[in-house]
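Just below is one structure, and these are the notes that go with it.
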Amino acid sequence: MDTVDCQTRSKIMASVGQKNTGAELVLRRALHKIGLRYNLHDRSLPGSPDLAFTRFHAVIFVHGCYWHSHGCYRSTVPKTRHRFWTEKFRANKSRDKRNASSLLKSGWRVLTVWECVLLGKNAWPVHELTTQVCAWLHGTERRGQFSGNASSRRRRGGLV
């Protein structure tokens with residue numbers, strides 16, 4: 001049961017930002033600290049990726065587990081207006097796929113870093129994450145993602 005009325009909940013949800021989220025700032029600071037430079041929220045690219053590395057022709061999306069329906073412990077579906085939220089999350093995932101596909105067709109490499117990797121109980125140590133991101137940037141893989149799922153991290157060194 002919700003602890004606030006519908007209008008208050010609507011205002012709270014509408015105020016959630018799309019840029020400069022806590023997870024995004026953690027990643028940006030860590031990458032900047034090791035000398036990587038990037039462009040922020042490049043609107044000329046499909047989906048306005050959170051980070052664009054023109055030198056590597058690569059982009060990084062930092063996806064919130066809740067809003068992009070990751071499937072980890074941080075992504076829940078509200079009990080009220082269940083149909084609305086499931087459709088909202090489905091549309092978000094569809095848009096994410098469309099944007100990644102457009103970027104890949106344009107020759108960009110696409111990495112998704114999930115919020116649970118950066119924050120919370122499954123967060124990776126920052127030095128481990130920056131090492132993995134650097135390895136991906138310098139590598140040749142066209143598509144990748146880092147997820148907070150511990151088993152996937154052990155299985156493939158973090159790259160899912």
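Identifiers for the structure tokens are assigned positionally: chains receive A, B, ... in sequence, residues are indexed from 1 per chain, and ligands are indexed from 1 in the order shown.
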
Next on the checklist: To test your reading of the structure, identify every residue in chain A that backbone DSSP assigns to strand (DSSP E), and report it as number ranges by chain.
Outcome noted: A: 39-40, 51-53, 58-63, 109-114, 143-146

Go ahead and save the residues from that selection, with N, CA and C atoms, as an mmCIF file, in the first residue's frame.
```
data_model
loop_
_atom_site.group_PDB
_atom_site.id
_atom_site.type_symbol
_atom_site.label_atom_id
_atom_site.label_comp_id
_atom_site.auth_asym_id
_atom_site.auth_seq_id
_atom_site.Cartn_x
_atom_site.Cartn_y
_atom_site.Cartn_z
ATOM 1 N N ASN A 39 31.804 13.047 -23.876
ATOM 2 C CA ASN A 39 30.754 14.054 -24.036
ATOM 3 C C ASN A 39 29.524 13.551 -23.297
ATOM 4 N N LEU A 40 28.775 14.481 -22.729
ATOM 5 C CA LEU A 40 27.586 14.118 -21.958
ATOM 6 C C LEU A 40 26.314 14.308 -22.775
ATOM 7 N N LEU A 51 27.103 8.898 -21.823
ATOM 8 C CA LEU A 51 28.505 9.198 -22.099
ATOM 9 C C LEU A 51 28.818 8.805 -23.538
ATOM 10 N N ALA A 52 29.478 9.683 -24.259
ATOM 11 C CA ALA A 52 29.900 9.378 -25.625
ATOM 12 C C ALA A 52 31.407 9.573 -25.725
ATOM 13 N N PHE A 53 32.098 8.525 -26.141
ATOM 14 C CA PHE A 53 33.548 8.545 -26.296
ATOM 15 C C PHE A 53 33.857 8.566 -27.789
ATOM 16 N N ALA A 58 32.346 4.979 -29.177
ATOM 17 C CA ALA A 58 31.574 4.159 -28.252
ATOM 18 C C ALA A 58 30.724 5.056 -27.357
ATOM 19 N N VAL A 59 29.599 4.497 -26.921
ATOM 20 C CA VAL A 59 28.717 5.213 -26.005
ATOM 21 C C VAL A 59 28.392 4.313 -24.817
ATOM 22 N N ILE A 60 28.061 4.965 -23.710
ATOM 23 C CA ILE A 60 27.632 4.231 -22.514
ATOM 24 C C ILE A 60 26.291 4.786 -22.062
ATOM 25 N N PHE A 61 25.356 3.873 -21.840
ATOM 26 C CA PHE A 61 24.090 4.213 -21.210
ATOM 27 C C PHE A 61 24.154 3.721 -19.768
ATOM 28 N N VAL A 62 23.815 4.579 -18.822
ATOM 29 C CA VAL A 62 23.684 4.164 -17.429
ATOM 30 C C VAL A 62 22.188 4.040 -17.173
ATOM 31 N N HIS A 63 21.715 2.804 -17.110
ATOM 32 C CA HIS A 63 20.288 2.557 -16.964
ATOM 33 C C HIS A 63 19.911 2.334 -15.506
ATOM 34 N N ARG A 109 29.722 1.710 -30.940
ATOM 35 C CA ARG A 109 29.709 0.579 -30.009
ATOM 36 C C ARG A 109 28.891 1.011 -28.797
ATOM 37 N N VAL A 110 28.133 0.086 -28.205
ATOM 38 C CA VAL A 110 27.170 0.442 -27.162
ATOM 39 C C VAL A 110 27.395 -0.413 -25.919
ATOM 40 N N LEU A 111 27.589 0.251 -24.786
ATOM 41 C CA LEU A 111 27.727 -0.420 -23.500
ATOM 42 C C LEU A 111 26.619 0.075 -22.573
ATOM 43 N N THR A 112 25.968 -0.858 -21.898
ATOM 44 C CA THR A 112 24.965 -0.505 -20.896
ATOM 45 C C THR A 112 25.517 -0.866 -19.532
ATOM 46 N N VAL A 113 25.525 0.104 -18.629
ATOM 47 C CA VAL A 113 25.934 -0.133 -17.252
ATOM 48 C C VAL A 113 24.687 0.048 -16.388
ATOM 49 N N TRP A 114 24.313 -1.009 -15.689
ATOM 50 C CA TRP A 114 23.112 -0.966 -14.864
ATOM 51 C C TRP A 114 23.391 -0.328 -13.516
ATOM 52 N N ARG A 143 28.850 -4.586 -28.577
ATOM 53 C CA ARG A 143 27.766 -4.427 -27.614
ATOM 54 C C ARG A 143 28.162 -5.099 -26.315
ATOM 55 N N GLY A 144 27.835 -4.469 -25.195
ATOM 56 C CA GLY A 144 28.126 -5.072 -23.903
ATOM 57 C C GLY A 144 27.249 -4.489 -22.828
ATOM 58 N N GLN A 145 27.250 -5.177 -21.691
ATOM 59 C CA GLN A 145 26.536 -4.631 -20.541
ATOM 60 C C GLN A 145 27.163 -5.150 -19.264
ATOM 61 N N PHE A 146 27.118 -4.316 -18.241
ATOM 62 C CA PHE A 146 27.586 -4.697 -16.923
ATOM 63 C C PHE A 146 26.383 -4.716 -16.001
#
```

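The shortest atom-to-atom distance to Glu87 in chain A, with only C-alpha atoms taken into account, belongs to A:Trp67 out of A:Leu103, A:Arg37, A:Ala135, A:Trp67.
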
Item to check | Option closest in space to His57 in chain A, from A:Glu128, A:Phe89, A:Leu119, A:Leu104 [counting only C-alpha atoms] | outcome: A:Leu104

Checklist entry - If you run DSSP on the backbone, which residues of range 71-132 of chain A are alpha helix (DSSP H), as a PyMOL selection string? => result chain A and resi 82-105+115-118+126-132

Take the residues from that selection and write them out as a compact mmCIF listing (two decimals), in the first residue's frame, keeping N, CA and C atoms.
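Dumped everything to result.txt:
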```txt
# COMPACT_ATOMS: atom_id res chain seq x y z
N HIS A 82 -0.98 -1.50 -12.08
CA HIS A 82 -0.04 -2.50 -12.57
C HIS A 82 0.05 -2.50 -14.11
N ARG A 83 -1.08 -2.44 -14.78
CA ARG A 83 -1.08 -2.45 -16.25
C ARG A 83 -0.35 -1.24 -16.81
N PHE A 84 -0.60 -0.06 -16.24
CA PHE A 84 0.09 1.16 -16.69
C PHE A 84 1.60 0.99 -16.58
N TRP A 85 2.06 0.51 -15.42
CA TRP A 85 3.50 0.40 -15.19
C TRP A 85 4.15 -0.67 -16.05
N THR A 86 3.49 -1.80 -16.22
CA THR A 86 4.09 -2.83 -17.06
C THR A 86 4.20 -2.34 -18.51
N GLU A 87 3.20 -1.60 -18.98
CA GLU A 87 3.26 -1.04 -20.33
C GLU A 87 4.36 0.02 -20.42
N LYS A 88 4.48 0.85 -19.39
CA LYS A 88 5.52 1.89 -19.34
C LYS A 88 6.91 1.24 -19.43
N PHE A 89 7.14 0.21 -18.62
CA PHE A 89 8.44 -0.46 -18.62
C PHE A 89 8.69 -1.17 -19.95
N ARG A 90 7.66 -1.77 -20.55
CA ARG A 90 7.80 -2.43 -21.85
C ARG A 90 8.21 -1.41 -22.91
N ALA A 91 7.56 -0.24 -22.88
CA ALA A 91 7.88 0.81 -23.85
C ALA A 91 9.32 1.32 -23.66
N ASN A 92 9.75 1.45 -22.41
CA ASN A 92 11.12 1.89 -22.13
C ASN A 92 12.13 0.89 -22.70
N LYS A 93 11.89 -0.40 -22.46
CA LYS A 93 12.80 -1.43 -22.96
C LYS A 93 12.82 -1.45 -24.49
N SER A 94 11.67 -1.26 -25.09
CA SER A 94 11.58 -1.24 -26.55
C SER A 94 12.36 -0.06 -27.11
N ARG A 95 12.23 1.10 -26.49
CA ARG A 95 12.96 2.29 -26.92
C ARG A 95 14.47 2.07 -26.75
N ASP A 96 14.89 1.45 -25.64
CA ASP A 96 16.30 1.16 -25.42
C ASP A 96 16.86 0.30 -26.55
N LYS A 97 16.13 -0.74 -26.93
CA LYS A 97 16.57 -1.63 -28.01
C LYS A 97 16.67 -0.88 -29.33
N ARG A 98 15.68 -0.05 -29.60
CA ARG A 98 15.65 0.74 -30.84
C ARG A 98 16.85 1.69 -30.90
N ASN A 99 17.13 2.37 -29.80
CA ASN A 99 18.26 3.31 -29.77
C ASN A 99 19.59 2.58 -29.95
N ALA A 100 19.76 1.47 -29.25
CA ALA A 100 21.01 0.71 -29.36
C ALA A 100 21.19 0.19 -30.79
N SER A 101 20.12 -0.28 -31.37
CA SER A 101 20.17 -0.78 -32.74
C SER A 101 20.58 0.33 -33.72
N SER A 102 19.99 1.51 -33.56
CA SER A 102 20.35 2.65 -34.43
C SER A 102 21.81 3.02 -34.29
N LEU A 103 22.29 3.03 -33.05
CA LEU A 103 23.69 3.37 -32.81
C LEU A 103 24.62 2.34 -33.44
N LEU A 104 24.30 1.07 -33.26
CA LEU A 104 25.12 0.00 -33.83
C LEU A 104 25.15 0.08 -35.36
N LYS A 105 24.00 0.37 -35.96
CA LYS A 105 23.94 0.50 -37.42
C LYS A 105 24.76 1.69 -37.90
N GLU A 115 22.41 0.36 -13.01
CA GLU A 115 22.50 1.06 -11.72
C GLU A 115 22.96 0.15 -10.60
N CYS A 116 22.54 -1.12 -10.60
CA CYS A 116 22.88 -2.03 -9.51
C CYS A 116 24.38 -2.35 -9.47
N VAL A 117 25.09 -2.08 -10.55
CA VAL A 117 26.55 -2.26 -10.57
C VAL A 117 27.22 -1.10 -9.83
N LEU A 118 26.57 0.04 -9.84
CA LEU A 118 27.16 1.25 -9.29
C LEU A 118 26.71 1.57 -7.86
N VAL A 126 34.74 0.26 -7.31
CA VAL A 126 34.90 1.24 -8.39
C VAL A 126 36.10 0.91 -9.27
N HIS A 127 37.20 0.51 -8.67
CA HIS A 127 38.39 0.20 -9.49
C HIS A 127 38.13 -0.99 -10.42
N GLU A 128 37.35 -1.96 -9.97
CA GLU A 128 37.02 -3.11 -10.82
C GLU A 128 36.15 -2.67 -12.01
N LEU A 129 35.18 -1.83 -11.73
CA LEU A 129 34.30 -1.35 -12.80
C LEU A 129 35.07 -0.53 -13.83
N THR A 130 35.91 0.39 -13.35
CA THR A 130 36.66 1.22 -14.30
C THR A 130 37.61 0.36 -15.14
N THR A 131 38.20 -0.65 -14.54
CA THR A 131 39.06 -1.57 -15.29
C THR A 131 38.26 -2.27 -16.39
N GLN A 132 37.07 -2.74 -16.04
CA GLN A 132 36.23 -3.44 -17.01
C GLN A 132 35.77 -2.50 -18.14
```
